[in-house]
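Enquirer: Structure incoming, see below.
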Amino acid sequence: MKECLARVVDNSPLCDTMFQLTLRCDGLFEDGAEAGQFVNIAVNNPSLPLRRPISIYAIDRQKREIRLAVQAKGEGTLALLRSKKGDELSLLGALGNAFSWFVPNNAKRVFLVGGGVGVAPVRCAFDELSAKYDCSLFAGYRNVGLVYGLDGIEKERVFAVSDDGSFGEKALVTKPLGEQIEKNKPDVILACGPAPMLRAVSDLSEKHGIACAVSLEQRMGCGLGACLVCSCKVKAKTPEGYAYRRVCADGPIFDAREVIF
Amino acid sequence: MKECLARVVDNSPLCDTMFQLTLRCDGLFEDGAEAGQFVNIAVNNPSLPLRRPISIYAIDRQKREIRLAVQAKGEGTLALLRSKKGDELSLLGALGNAFSWFVPNNAKRVFLVGGGVGVAPVRCAFDELSAKYDCSLFAGYRNVGLVYGLDGIEKERVFAVSDDGSFGEKALVTKPLGEQIEKNKPDVILACGPAPMLRAVSDLSEKHGIACAVSLEQRMGCGLGACLVCSCKVKAKTPEGYAYRRVCADGPIFDAREVIF
Amino acid sequence: MPKLGVEICGVKFKNPVIAASGTFGFGREFDALYDISVLGGISVKGLTLQKRLGNPPPRIAETKSGILNSVGLQNPGVDAFINEDLPWLKQKDLVVIANIAGSTVEDYVKMAEKLAPTAVDMLEMNISCPNVKESGVAFGVKPEKIFEVTKAVCGAARQPVIVKLSPNAADIAENARAAEEAGAQALSLINTLTGMVVDVYRKRPVLFNNFGGMSGAAVRPIALRMVYQAAHAVKIPVIGMGGITSGEDAAAFMLCGARAVMVGTQNFSDPMAMPKIVSELHRYLEKTGVVDVNDIVDALVMN
Amino acid sequence: MPKLGVEICGVKFKNPVIAASGTFGFGREFDALYDISVLGGISVKGLTLQKRLGNPPPRIAETKSGILNSVGLQNPGVDAFINEDLPWLKQKDLVVIANIAGSTVEDYVKMAEKLAPTAVDMLEMNISCPNVKESGVAFGVKPEKIFEVTKAVCGAARQPVIVKLSPNAADIAENARAAEEAGAQALSLINTLTGMVVDVYRKRPVLFNNFGGMSGAAVRPIALRMVYQAAHAVKIPVIGMGGITSGEDAAAFMLCGARAVMVGTQNFSDPMAMPKIVSELHRYLEKTGVVDVNDIVDALVMN
Ligand SMILES: Cc1cc2nc3c(=O)[nH]c(=O)nc-3n(C[C@H](O)[C@H](O)[C@H](O)COP(=O)(O)OP(=O)(O)OC[C@H]3O[C@@H](n4cnc5c(N)ncnc54)[C@H](O)[C@@H]3O)c2cc1C
Ligand SMILES: Cc1cc2nc3c(=O)[nH]c(=O)nc-3n(C[C@H](O)[C@H](O)[C@H](O)COP(=O)(O)OP(=O)(O)OC[C@H]3O[C@@H](n4cnc5c(N)ncnc54)[C@H](O)[C@@H]3O)c2cc1C
Ligand SMILES: Cc1cc2nc3c(=O)[nH]c(=O)nc-3n(C[C@H](O)[C@H](O)[C@H](O)COP(=O)(O)O)c2cc1C
Ligand SMILES: Cc1cc2nc3c(=O)[nH]c(=O)nc-3n(C[C@H](O)[C@H](O)[C@H](O)COP(=O)(O)O)c2cc1C
Ligand code: FES
Ligand code: FES
């Protein structure tokens with residue numbers, strides 16, 4: 001983990017609201033980068049003091065490149081959207097824990113579940129874990145215009161749905177997930193997406209006794225674990241029955257059984 | 001005068017610390033732009049709320065282009081320095097009065113005096129006024145590395161010196177100015193540069209009974225005359241013996257006899 | 001088509017966007033760029049009883065996302081305003097607020113008396129200008145002083161009196177209540193925050209006056225907090241300002257309890273700012289399905 | 001080679017750049033990026049007598065050139081700090097300042113007593129944290145309260161006591177003098193300014209705690225003004241902070257009278273900020289021909 005300069009290799013649209021940044025960043029690879037980790041990226045807007053946490057969407061260790069899948073949401077991501085080939089961006093990374101930490105050595109089958117923007121890190125995990133495990137990707141989108149992250153995967157390994165039926169079945173992602181759990185119970189479920197989705201995936205996993213890890217989001221300050229602003233509530237044997245953990249340094253991936261949604 | 005978008009046609013170095021921006025800006029030409037006027041330009045740095053006042057260095061009415069000669073000084077001009085061909089910049093202009101307002105109709109000979117960055121507006125005036133008057137340009141620079149604004153002028157019309165003798169004579173600009181006044185007394189002297197230079201030019205003009213106008217600088221807010229922050233001291237029949245005038249709207253060019261340096 | 005009209009102390013504004021005092025002169029200069037009748041109102045450059053020359057330059061310094069000024073209340077005096085600027089302004093279709101500042105209670109009262117028979121729609125008492133040592137500071141900080149000067153002016157004024165509060169206060173709610181108890185019909189806030197910018201190479205403050213009043217986007221969170229606190233401490237209407245740059249910023253102040261807003265520094269960054277803010281506010285209401293801008297006033301839900 | 005060493009209350013700092021409390025944890029995380037021994041000192045995350053969980057998230061909001069936080073003093077408690085973090089920190093070569101916050105005078109005193117026998121170099125009393133309703137606010141705003149709590153802590157402390165002042169005050173000089181009279185050996189300022197950021201689409205404050213403490217470049221002019229006023233109101237040394245992002249910013253605070261500076265929010269924008277600020281300060285001294293950083297302290301020439 002370090003602060004290093006990345007050079008924009010490519011910036012291109014990914015779907016209606018998202019774009020893909022390809023970044024060459026040698027420094028990042030000195031300590032390694034893994035699926036599930038994120039980078040804290042300084043946007044080129046001097047009035048915005050905070051970096052933006054963005055998950056790693058793809059890793060090319062040979063070219064020393066990573067790709068990010070970014071939703072243009074507010075001013076910070078808008079500044080990123082405007083970055084052009086050749087521009088320099090300061091990255092802090094790779095930060096946080098990796099999905100692989102939650103996959104037991106003896107695991108065989110891994111289900112990866114993503115919702116919307118949350119598809120990015122699980123697609124990365126799909127690419128990284130497929131060599132070792134039997135992986136399937138479950139993805140839920142609002143509508144067909146927001147679909148990304150499915151290219152180049154064998155059809156039988158992808159289960160994609162949409163809220164309005166404009167892409168795949170009209171369903172929540174937990175529907176195909178539940179169906180496949182019945183058919184081919186996995187050893188681990190790894191998920192990233194909006195809180196209601198994560199809660200539903202967590203419930204489903206618990207019901208079937210499957211280990212499940214979820215990747216959480218929170219507004220961040222330092223990204224390093226020092227400022228304690230990025231807290232998420234976890235079960236704890238405190239008088240209050242809970243404690244706060246740091247999404248940036250203790251996560252972003254947590255054992256679903258620990259999280260208080 | 002209006003707010004309008006300009007497109008960067010070219011950005012290139014002018015001398016050691018200065019660069020030249022060529023801007024295409026149709027809007028600016030709807031109400032006209034003249035030598036001595038300035039534009040208030042929004043720099044592309046969202047943390048800097050104030051526009052930067054920059055004199056017009058050259059006017060191409062056919063192409064609807066202006067050129068600015070800008071010294072890279074602080075953060076604002078640095079942001080301008082980074083602007084690339086094709087970028088859009090918001091201009092407010094043309095603002096203030098013009099040198100031509102100070103040239104009486106019956107004038108024949110006009111001496112234009114610039115110091116350092118202040119050469120820009122007087123070079124523009126040289127180009128604009130030469131058709132009507134017999135113009136000479138006097139320019140003083142710190143050293144040879146800071147020379148600009150003299151290209152394409154007949155040699156006998158240029159009197160350039162430098163503080164250290166690395167370009168032309170080692171002298172202050174008032175030296176050749178004084179010499180030429182003795183030889184060919186002009187009807188009007190128009191000057192822009194640092195305050196000590198303006199004071200010296202003003203004294204020289206007064207001594208020889210020559211009308212003189214000086215272009216002043218002051219930190220600005222609105223650039224329009226509304227906020228009263230850009231004041232300069234002028235002689236006035238107030239109890240205090242002075243009053244404040246607005247550099248942006250009453251100037252930037254003032255009759256040298258009125259100014260309290 | 002959401003409705004933008006608001007009413008404060010019986011005075012009708014076609015929309016809640018008002019030019020902040022000191023940043024918009026008497027309206028003429030900006031009227032060269034757009035018809036200022038598109039605005040809800042204007043609070044004119046701070047007036048004093050006698051003409052004032054103001055402070056020596058530099059009077060403005062830039063800082064990150066903000067500015068500091070030390071104009072020192074340069075103005076032609078209240079009589080010149082009434083004779084030379086007001087007639088022009090009243091041809092325009094917007095609410096005219098006379099912003100007044102005095103060195104003594106008597107100054108304020110005399111100005112209120114002079115303005116009473118005029119076509120000015122409202123008075124705004126600047127009791128907080130930090131630039132003029134003998135004026136603002138004393139009145140604006142302590143609740144007793146705020147009470148005293150407000151009471152005197154309300155006695156003399158014919159038009160509704162707005163008291164403009166200083167943010168250089170430990171307890172803004174206390175000051176707001178002091179003004180209300182003294183008879184103020186409305187409050188406006190915030191005026192500028194006292195600050196300093198240093199030129200480390202010259203080893204001097206940038207402003208000739210050393211200290212100046214800070215404004216612009218940088219102060220917005222402080223302004224929003226204070227507007228919320230003031231609006232929830234009094235029953236009279238509150239006009240919010242401090243760093244408004246967009247229609248969404250204006251909405252934030254109204255959600256916090258402001259019935260209208262004023263825009264200052266942003267006029268420098270973008271001379272077309274206020275007409276843009278009016279239309280952005282309109283669009284915000286459309287996007288959020290609000291039919292009347294008054295419906296967002298004090299609509300903030302606390303966590 | 002200009003000298004960067006400074007001395008405050010007999011404690012030697014190798015340079016005047018200190019990590020501001022709450023932004024740097026106990027130093028471990030940043031030490032993974034660079035050896036924190038390059039810094040003059042560290043003021044550790046605010047400690048309370050008992051472990052505290054802090055406020056629910058979101059605890060941070062961004063604004064133009066600044067941030068607001070409402071961490072609510074999450075910390076492991078003073079005992080855990082002494083046992084688990086201090087030994088690690090003391091292996092490093094920098095001044096260790098324990099930042100303490102309490103809900104009562106007794107809390108502060110007990111913490112000072114617990115820290116007395118430890119290797120901590122200095123105490124910094126956070127009497128101004130605006131996030132925890134039952135702690136900071138009462139002590140930090142009124143001079144009487146500042147006097148009371150400072151006096152009690154100075155009686156119990158073995159190490160030099162720094163009182164950290166809140167900027168949410170009408171008269172910072174008065175508060176500075178109250179701390180000095182009560183026996184404070186140094187002052188630090190500013191803590192955060194209370195503010196609010198609103199999400200106009202959710203119609204709610206962004207922070208779960210609604211209000212938060214503002215910091216970052218946006219507050220710098222206010223901080224500089226207050227540091228100047230405090231430093232000129234007392235004889236004890238002052239440590240300046242609030243929006244420092246560069247060596248030149250650090251110099252500005254020292255020119256205004258600060259003997260050292262603390263850096264907070266900029267650590268988030270740039271995790272390498274503090275080592276950079278140390279070298280930029282060095283370069284500033286070289287450029288301006290100053291041989292000892294102490295020579296710029298209070299060297300500002302007023303206009
Ligand atoms: C570990 C992690 C991984 C993420 N990965 C991705 C990704 O791969 N692709 C992607 O598009 N987005 C991702 N996000 C969300 C992304 O960080 C936010 O969308 C982004 O910060 C918004 O910035 P903005 O300036 O556009 O929006 P604004 O709303 O203007 O941002 C204001 C502030 O809030 C913070 N903020 C706003 N939304 C979020 C959020 N959801 N999570 C954390 N901080 C937020 C911003 O960082 C900023 O500090 C991730 C978030 C986290 C915590
Ligand atoms: C009428 C007029 C015409 C000018 N013409 C030119 C020109 O043709 N070429 C050129 O290089 N410069 C010109 N200047 C000066 C130019 O405006 C400043 O150098 C520039 O604003 C500095 O901005 P900065 O961000 O680089 O510096 P900073 O020092 O970081 O600026 C900080 C603030 O101070 C203001 N400021 C700083 N120096 C000056 C100054 N000398 N005059 C006015 N405001 C200042 C800036 O606008 C900004 O608001 C002119 C100034 C005026 C008033
Ligand atoms: C240059 C300038 C001059 C000002 N003059 C006055 C004034 O005369 N009277 C007054 O009440 N406020 C004055 N103010 C304060 C503004 O009206 C407003 O309260 C403040 O700037 C905050 O709003 P903003 O952040 O939108 O600028 C002035 C502000 C600026 C920037
Ligand atoms: C996330 C965060 C947490 C903070 N926690 C503390 C604290 O525990 N104790 C304290 O005295 N100050 C605390 N502060 C205030 C800082 O120490 C400092 O006074 C303030 O941020 C101004 O400096 P800056 O602008 O450089 O950040 C905190 C600030 C931030 C941003
Ligand atoms: S962002 Fe600072 S601890 Fe997580
Ligand atoms: S800059 Fe506003 S009056 Fe000149």
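Ligands are numbered from 1 in the order shown, residues from 1 within each chain, and chains are lettered A, B, ... in the order they appear in the structure tokens.
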When the cut-off is 7 Å and we count only C-alpha atoms, which residues of chain C are near chain B, given as a list in words?
Expert: Gly22, Thr23, Phe24, Gly25, Glu29, Leu33, Leu53, Pro57, Pro58, Arg59, Ile60, Lys64, Ser65, Gly66, Val71, Asn267, Phe268 and Ser269 of chain C
Enquirer: Give me, as a list in words, the contact residues of chain C against chain D at a cut-off of 6 Å, counting only C-alpha atoms.
Expert: Lys64, Asn168, Ala169, Ala170, Gly195, Met196, Val197, Val200, Lys203, Arg204, Phe208, Ala218, Pro221, Ile222, Leu224, Arg225, Ala252, Leu300, Val301, Met302 and Asn303 of chain C
Enquirer: Name each residue within 6 Å of ligand 3, counting only C-alpha atoms and all ligand atoms, as a list in words.
Expert: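 Using only C-alpha atoms and all ligand atoms, everything at most 6 Å from ligand 3 comes to Cys227 of chain B; Ala20, Ser21, Gly22, Thr23, Lys45, Gly46, Asn69, Leu73, Asn126, Ile190, Asn191, Thr192, Ser215, Gly216, Met241, Gly242, Gly243, Ile244, Val263, Gly264 and Thr265 of chain C.
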Enquirer: May I have the residues within 10 Å of Lys110 in chain C as number ranges by chain, using only C-alpha atoms and disregarding those fewer than 4 positions away in the same chain?
Expert: C: 48-49, 78, 102, 105-106, 114-116, 153, 156-157
Enquirer: With distances taken over only C-alpha atoms, which residue among A:Ser166, A:Ser12, A:Thr17, A:Asn44 lies nearest chain B?
Expert: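 Among A:Ser166, A:Ser12, A:Thr17, A:Asn44, it is A:Asn44 that comes nearest to chain B.
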Enquirer: Please find the residues contacting ligand 2 at a distance of at most 8 Å between atoms, with only C-alpha atoms and all ligand atoms counted, and report them as a count of residues only.
Expert: 42
Enquirer: At what distance in Å, to one decimal, does CA of Leu80 in chain B lie from CA of Phe167 in chain B?
Expert: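 These two atoms are separated by 28.0 Å.
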Enquirer: What's around Ala182 in chain C at 9 Å? Count only C-alpha atoms, leave out sequence neighbours fewer than 6 positions away in its own chain, and write the answer as a PyMOL selection string.
Expert: chain C and resi 146-152+154
Enquirer: Please write the residues from the selection above to a file, keeping N, CA and C atoms, as a PDB file, in the first residue's frame.
Expert:
ATOM      1  N   ILE C 146     -27.403  44.606  20.398  1.00  0.00           N
ATOM      2  CA  ILE C 146     -28.307  44.307  19.282  1.00  0.00           C
ATOM      3  C   ILE C 146     -29.718  44.770  19.645  1.00  0.00           C
ATOM      4  N   PHE C 147     -30.106  44.475  20.882  1.00  0.00           N
ATOM      5  CA  PHE C 147     -31.430  44.873  21.346  1.00  0.00           C
ATOM      6  C   PHE C 147     -31.581  46.387  21.274  1.00  0.00           C
ATOM      7  N   GLU C 148     -30.596  47.083  21.806  1.00  0.00           N
ATOM      8  CA  GLU C 148     -30.670  48.540  21.901  1.00  0.00           C
ATOM      9  C   GLU C 148     -30.835  49.207  20.530  1.00  0.00           C
ATOM     10  N   VAL C 149     -29.941  48.858  19.617  1.00  0.00           N
ATOM     11  CA  VAL C 149     -29.972  49.542  18.319  1.00  0.00           C
ATOM     12  C   VAL C 149     -31.199  49.130  17.510  1.00  0.00           C
ATOM     13  N   THR C 150     -31.594  47.852  17.619  1.00  0.00           N
ATOM     14  CA  THR C 150     -32.757  47.387  16.875  1.00  0.00           C
ATOM     15  C   THR C 150     -34.015  48.107  17.361  1.00  0.00           C
ATOM     16  N   LYS C 151     -34.158  48.208  18.653  1.00  0.00           N
ATOM     17  CA  LYS C 151     -35.341  48.836  19.233  1.00  0.00           C
ATOM     18  C   LYS C 151     -35.461  50.291  18.743  1.00  0.00           C
ATOM     19  N   ALA C 152     -34.347  50.991  18.767  1.00  0.00           N
ATOM     20  CA  ALA C 152     -34.353  52.392  18.344  1.00  0.00           C
ATOM     21  C   ALA C 152     -34.755  52.514  16.877  1.00  0.00           C
ATOM     22  N   CYS C 154     -36.419  50.331  14.982  1.00  0.00           N
ATOM     23  CA  CYS C 154     -37.798  49.891  14.749  1.00  0.00           C
ATOM     24  C   CYS C 154     -38.771  50.997  15.140  1.00  0.00           C
TER      25      CYS C 154
END
Enquirer: Leaving out Ile97 in chain C and any residue of its chain fewer than 3 positions from it, which residues lie within 12 Å of it when counting only C-alpha atoms, given as a ChimeraX atom specification?
Expert: /C:8,11,13,18-22,26-27,40-47,81,86,89-90,94,100,112,115,118-126,159-164,188,262
Enquirer: Write the selection just made, keeping C-alpha atoms, as a PDB file, in the first residue's frame?
Expert:
ATOM      1  CA  ILE C   8     -41.735  38.504   3.921  1.00  0.00           C
ATOM      2  CA  VAL C  11     -43.548  42.451   1.049  1.00  0.00           C
ATOM      3  CA  PHE C  13     -40.863  38.919  -3.844  1.00  0.00           C
ATOM      4  CA  ILE C  18     -32.015  38.626  -3.569  1.00  0.00           C
ATOM      5  CA  ALA C  19     -28.718  40.357  -4.335  1.00  0.00           C
ATOM      6  CA  ALA C  20     -26.597  40.602  -1.157  1.00  0.00           C
ATOM      7  CA  SER C  21     -25.523  44.011   0.015  1.00  0.00           C
ATOM      8  CA  GLY C  22     -22.137  45.255  -1.119  1.00  0.00           C
ATOM      9  CA  PHE C  26     -27.149  49.820  -6.658  1.00  0.00           C
ATOM     10  CA  GLY C  27     -27.904  47.402  -9.464  1.00  0.00           C
ATOM     11  CA  GLY C  40     -36.623  38.858  -6.226  1.00  0.00           C
ATOM     12  CA  GLY C  41     -34.888  41.838  -4.724  1.00  0.00           C
ATOM     13  CA  ILE C  42     -31.720  43.789  -4.110  1.00  0.00           C
ATOM     14  CA  SER C  43     -30.086  44.841  -0.891  1.00  0.00           C
ATOM     15  CA  VAL C  44     -28.097  47.882  -1.916  1.00  0.00           C
ATOM     16  CA  LYS C  45     -24.506  48.712  -0.989  1.00  0.00           C
ATOM     17  CA  GLY C  46     -24.308  49.510   2.746  1.00  0.00           C
ATOM     18  CA  LEU C  47     -25.309  53.124   3.319  1.00  0.00           C
ATOM     19  CA  PHE C  81     -28.743  57.146  -2.620  1.00  0.00           C
ATOM     20  CA  LEU C  86     -33.389  54.987  -5.759  1.00  0.00           C
ATOM     21  CA  LEU C  89     -33.942  51.316  -9.025  1.00  0.00           C
ATOM     22  CA  LYS C  90     -37.674  51.860  -8.539  1.00  0.00           C
ATOM     23  CA  LEU C  94     -37.898  44.054  -7.691  1.00  0.00           C
ATOM     24  CA  ILE C 100     -27.799  50.763   6.573  1.00  0.00           C
ATOM     25  CA  ALA C 112     -34.328  55.167   9.125  1.00  0.00           C
ATOM     26  CA  LEU C 115     -35.643  56.497   4.359  1.00  0.00           C
ATOM     27  CA  THR C 118     -39.054  57.008   0.338  1.00  0.00           C
ATOM     28  CA  ALA C 119     -40.095  54.175  -1.939  1.00  0.00           C
ATOM     29  CA  VAL C 120     -37.605  51.798  -0.298  1.00  0.00           C
ATOM     30  CA  ASP C 121     -39.421  48.544   0.534  1.00  0.00           C
ATOM     31  CA  MET C 122     -37.438  47.314   3.524  1.00  0.00           C
ATOM     32  CA  LEU C 123     -34.509  48.269   5.729  1.00  0.00           C
ATOM     33  CA  GLU C 124     -31.649  45.912   6.509  1.00  0.00           C
ATOM     34  CA  MET C 125     -29.540  46.890   9.509  1.00  0.00           C
ATOM     35  CA  ASN C 126     -25.908  45.969   9.031  1.00  0.00           C
ATOM     36  CA  GLN C 159     -40.661  50.027   6.450  1.00  0.00           C
ATOM     37  CA  PRO C 160     -40.170  46.511   7.857  1.00  0.00           C
ATOM     38  CA  VAL C 161     -36.775  46.194   9.560  1.00  0.00           C
ATOM     39  CA  ILE C 162     -34.456  43.243   8.856  1.00  0.00           C
ATOM     40  CA  VAL C 163     -31.570  42.817  11.301  1.00  0.00           C
ATOM     41  CA  LYS C 164     -28.494  41.314   9.647  1.00  0.00           C
ATOM     42  CA  SER C 188     -30.835  38.039   7.641  1.00  0.00           C
ATOM     43  CA  MET C 262     -29.223  36.443  -0.719  1.00  0.00           C
TER      44      MET C 262
END
Enquirer: When you draw a straight line from CA of Asp203 in chain A to atom 38 (N, counted along the ligand's line) of ligand 1, how long is it in Å?
Expert: 25.1 Å
Enquirer: What residues in range 1-113 of chain B get the DSSP label helix (DSSP H, G or I)? Please answer as a list in words.
Expert: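 Written out, the helix (DSSP H, G or I) residues of range 1-113 of chain B are Gly27, Leu28, Phe29, Glu75, Gly76, Thr77, Leu78, Ala79, Leu80, Leu81, Phe99, Ser100, Trp101 and Phe102 of chain B.
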Enquirer: Kindly save the residues from that selection, with all heavy atoms included, as a CSV table (one decimal), in the first residue's frame.
Expert:
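Generated output (out_11.csv):
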chain,number,residue,atom,x,y,z
B,27,GLY,N,-18.6,36.4,-29.0
B,27,GLY,CA,-19.4,37.3,-28.1
B,27,GLY,C,-18.7,38.6,-27.8
B,27,GLY,O,-19.3,39.6,-27.8
B,28,LEU,N,-17.4,38.5,-27.6
B,28,LEU,CA,-16.6,39.7,-27.2
B,28,LEU,C,-16.7,40.8,-28.2
B,28,LEU,O,-16.7,42.0,-27.9
B,28,LEU,CB,-15.2,39.3,-27.0
B,28,LEU,CG,-14.2,40.2,-26.2
B,28,LEU,CD1,-14.6,40.3,-24.8
B,28,LEU,CD2,-12.8,39.8,-26.4
B,29,PHE,N,-16.8,40.4,-29.5
B,29,PHE,CA,-16.8,41.3,-30.5
B,29,PHE,C,-18.1,42.0,-30.8
B,29,PHE,O,-18.2,42.9,-31.6
B,29,PHE,CB,-16.2,40.7,-31.8
B,29,PHE,CG,-14.7,40.5,-31.6
B,29,PHE,CD1,-14.2,39.3,-31.1
B,29,PHE,CD2,-13.8,41.5,-31.9
B,29,PHE,CE1,-12.9,39.1,-31.0
B,29,PHE,CE2,-12.5,41.3,-31.8
B,29,PHE,CZ,-12.0,40.1,-31.3
B,75,GLU,N,-1.6,30.7,-8.6
B,75,GLU,CA,-2.4,29.6,-9.0
B,75,GLU,C,-3.3,29.9,-10.1
B,75,GLU,O,-3.6,29.0,-11.0
B,75,GLU,CB,-3.2,29.2,-7.8
B,75,GLU,CG,-2.5,28.2,-6.8
B,75,GLU,CD,-3.5,27.6,-5.8
B,75,GLU,OE1,-3.9,28.4,-4.9
B,75,GLU,OE2,-3.9,26.5,-6.0
B,76,GLY,N,-3.8,31.1,-10.2
B,76,GLY,CA,-4.8,31.4,-11.3
B,76,GLY,C,-4.2,31.4,-12.6
B,76,GLY,O,-4.7,30.7,-13.6
B,77,THR,N,-3.1,32.1,-12.8
B,77,THR,CA,-2.4,32.2,-14.1
B,77,THR,C,-1.8,30.8,-14.4
B,77,THR,O,-1.7,30.4,-15.6
B,77,THR,CB,-1.4,33.3,-14.1
B,77,THR,OG1,-0.6,33.2,-12.9
B,77,THR,CG2,-2.0,34.6,-14.2
B,78,LEU,N,-1.4,30.0,-13.4
B,78,LEU,CA,-0.9,28.7,-13.6
B,78,LEU,C,-2.0,27.8,-14.2
B,78,LEU,O,-1.7,27.0,-15.1
B,78,LEU,CB,-0.5,28.1,-12.3
B,78,LEU,CG,0.7,27.2,-12.4
B,78,LEU,CD1,2.0,28.0,-12.7
B,78,LEU,CD2,0.9,26.4,-11.1
B,79,ALA,N,-3.2,28.0,-13.8
B,79,ALA,CA,-4.4,27.2,-14.4
B,79,ALA,C,-4.5,27.6,-15.8
B,79,ALA,O,-4.8,26.8,-16.7
B,79,ALA,CB,-5.6,27.4,-13.6
B,80,LEU,N,-4.4,28.9,-16.1
B,80,LEU,CA,-4.5,29.4,-17.5
B,80,LEU,C,-3.4,28.8,-18.4
B,80,LEU,O,-3.6,28.4,-19.5
B,80,LEU,CB,-4.4,30.9,-17.6
B,80,LEU,CG,-5.7,31.6,-17.1
B,80,LEU,CD1,-5.4,33.1,-17.2
B,80,LEU,CD2,-6.9,31.2,-17.9
B,81,LEU,N,-2.2,28.7,-17.8
B,81,LEU,CA,-1.0,28.2,-18.5
B,81,LEU,C,-1.3,26.8,-18.9
B,81,LEU,O,-0.8,26.3,-20.0
B,81,LEU,CB,0.2,28.2,-17.6
B,81,LEU,CG,1.5,27.6,-18.0
B,81,LEU,CD1,2.0,28.2,-19.3
B,81,LEU,CD2,2.6,27.6,-16.9
B,99,PHE,N,-7.1,53.1,-24.5
B,99,PHE,CA,-6.1,54.1,-24.6
B,99,PHE,C,-6.6,55.2,-25.6
B,99,PHE,O,-6.3,56.4,-25.4
B,99,PHE,CB,-4.8,53.5,-25.2
B,99,PHE,CG,-4.0,52.8,-24.1
B,99,PHE,CD1,-3.7,51.5,-24.1
B,99,PHE,CD2,-3.5,53.6,-23.0
B,99,PHE,CE1,-2.9,50.9,-23.2
B,99,PHE,CE2,-2.7,53.0,-22.0
B,99,PHE,CZ,-2.4,51.6,-22.1
B,100,SER,N,-7.3,54.8,-26.6
B,100,SER,CA,-7.7,55.8,-27.6
B,100,SER,C,-8.5,56.9,-27.1
B,100,SER,O,-8.5,58.0,-27.6
B,100,SER,CB,-8.6,55.1,-28.7
B,100,SER,OG,-9.7,54.5,-28.2
B,101,TRP,N,-9.2,56.7,-25.9
B,101,TRP,CA,-10.0,57.7,-25.3
B,101,TRP,C,-9.1,58.9,-24.8
B,101,TRP,O,-9.6,60.0,-24.6
B,101,TRP,CB,-10.8,57.2,-24.1
B,101,TRP,CG,-11.7,56.1,-24.4
B,101,TRP,CD1,-11.8,55.4,-25.6
B,101,TRP,CD2,-12.7,55.6,-23.5
B,101,TRP,NE1,-12.8,54.4,-25.4
B,101,TRP,CE2,-13.3,54.5,-24.2
B,101,TRP,CE3,-13.0,55.8,-22.2
B,101,TRP,CZ2,-14.4,53.8,-23.6
B,101,TRP,CZ3,-14.1,55.1,-21.6
B,101,TRP,CH2,-14.7,54.1,-22.3
B,102,PHE,N,-7.9,58.6,-24.7
B,102,PHE,CA,-7.0,59.6,-24.1
B,102,PHE,C,-6.2,60.3,-25.2
B,102,PHE,O,-5.3,61.2,-24.9
B,102,PHE,CB,-6.1,59.0,-23.1
B,102,PHE,CG,-6.8,58.6,-21.8
B,102,PHE,CD1,-7.5,57.4,-21.7
B,102,PHE,CD2,-6.9,59.5,-20.8
B,102,PHE,CE1,-8.2,57.1,-20.6
B,102,PHE,CE2,-7.7,59.2,-19.6
B,102,PHE,CZ,-8.3,58.0,-19.5
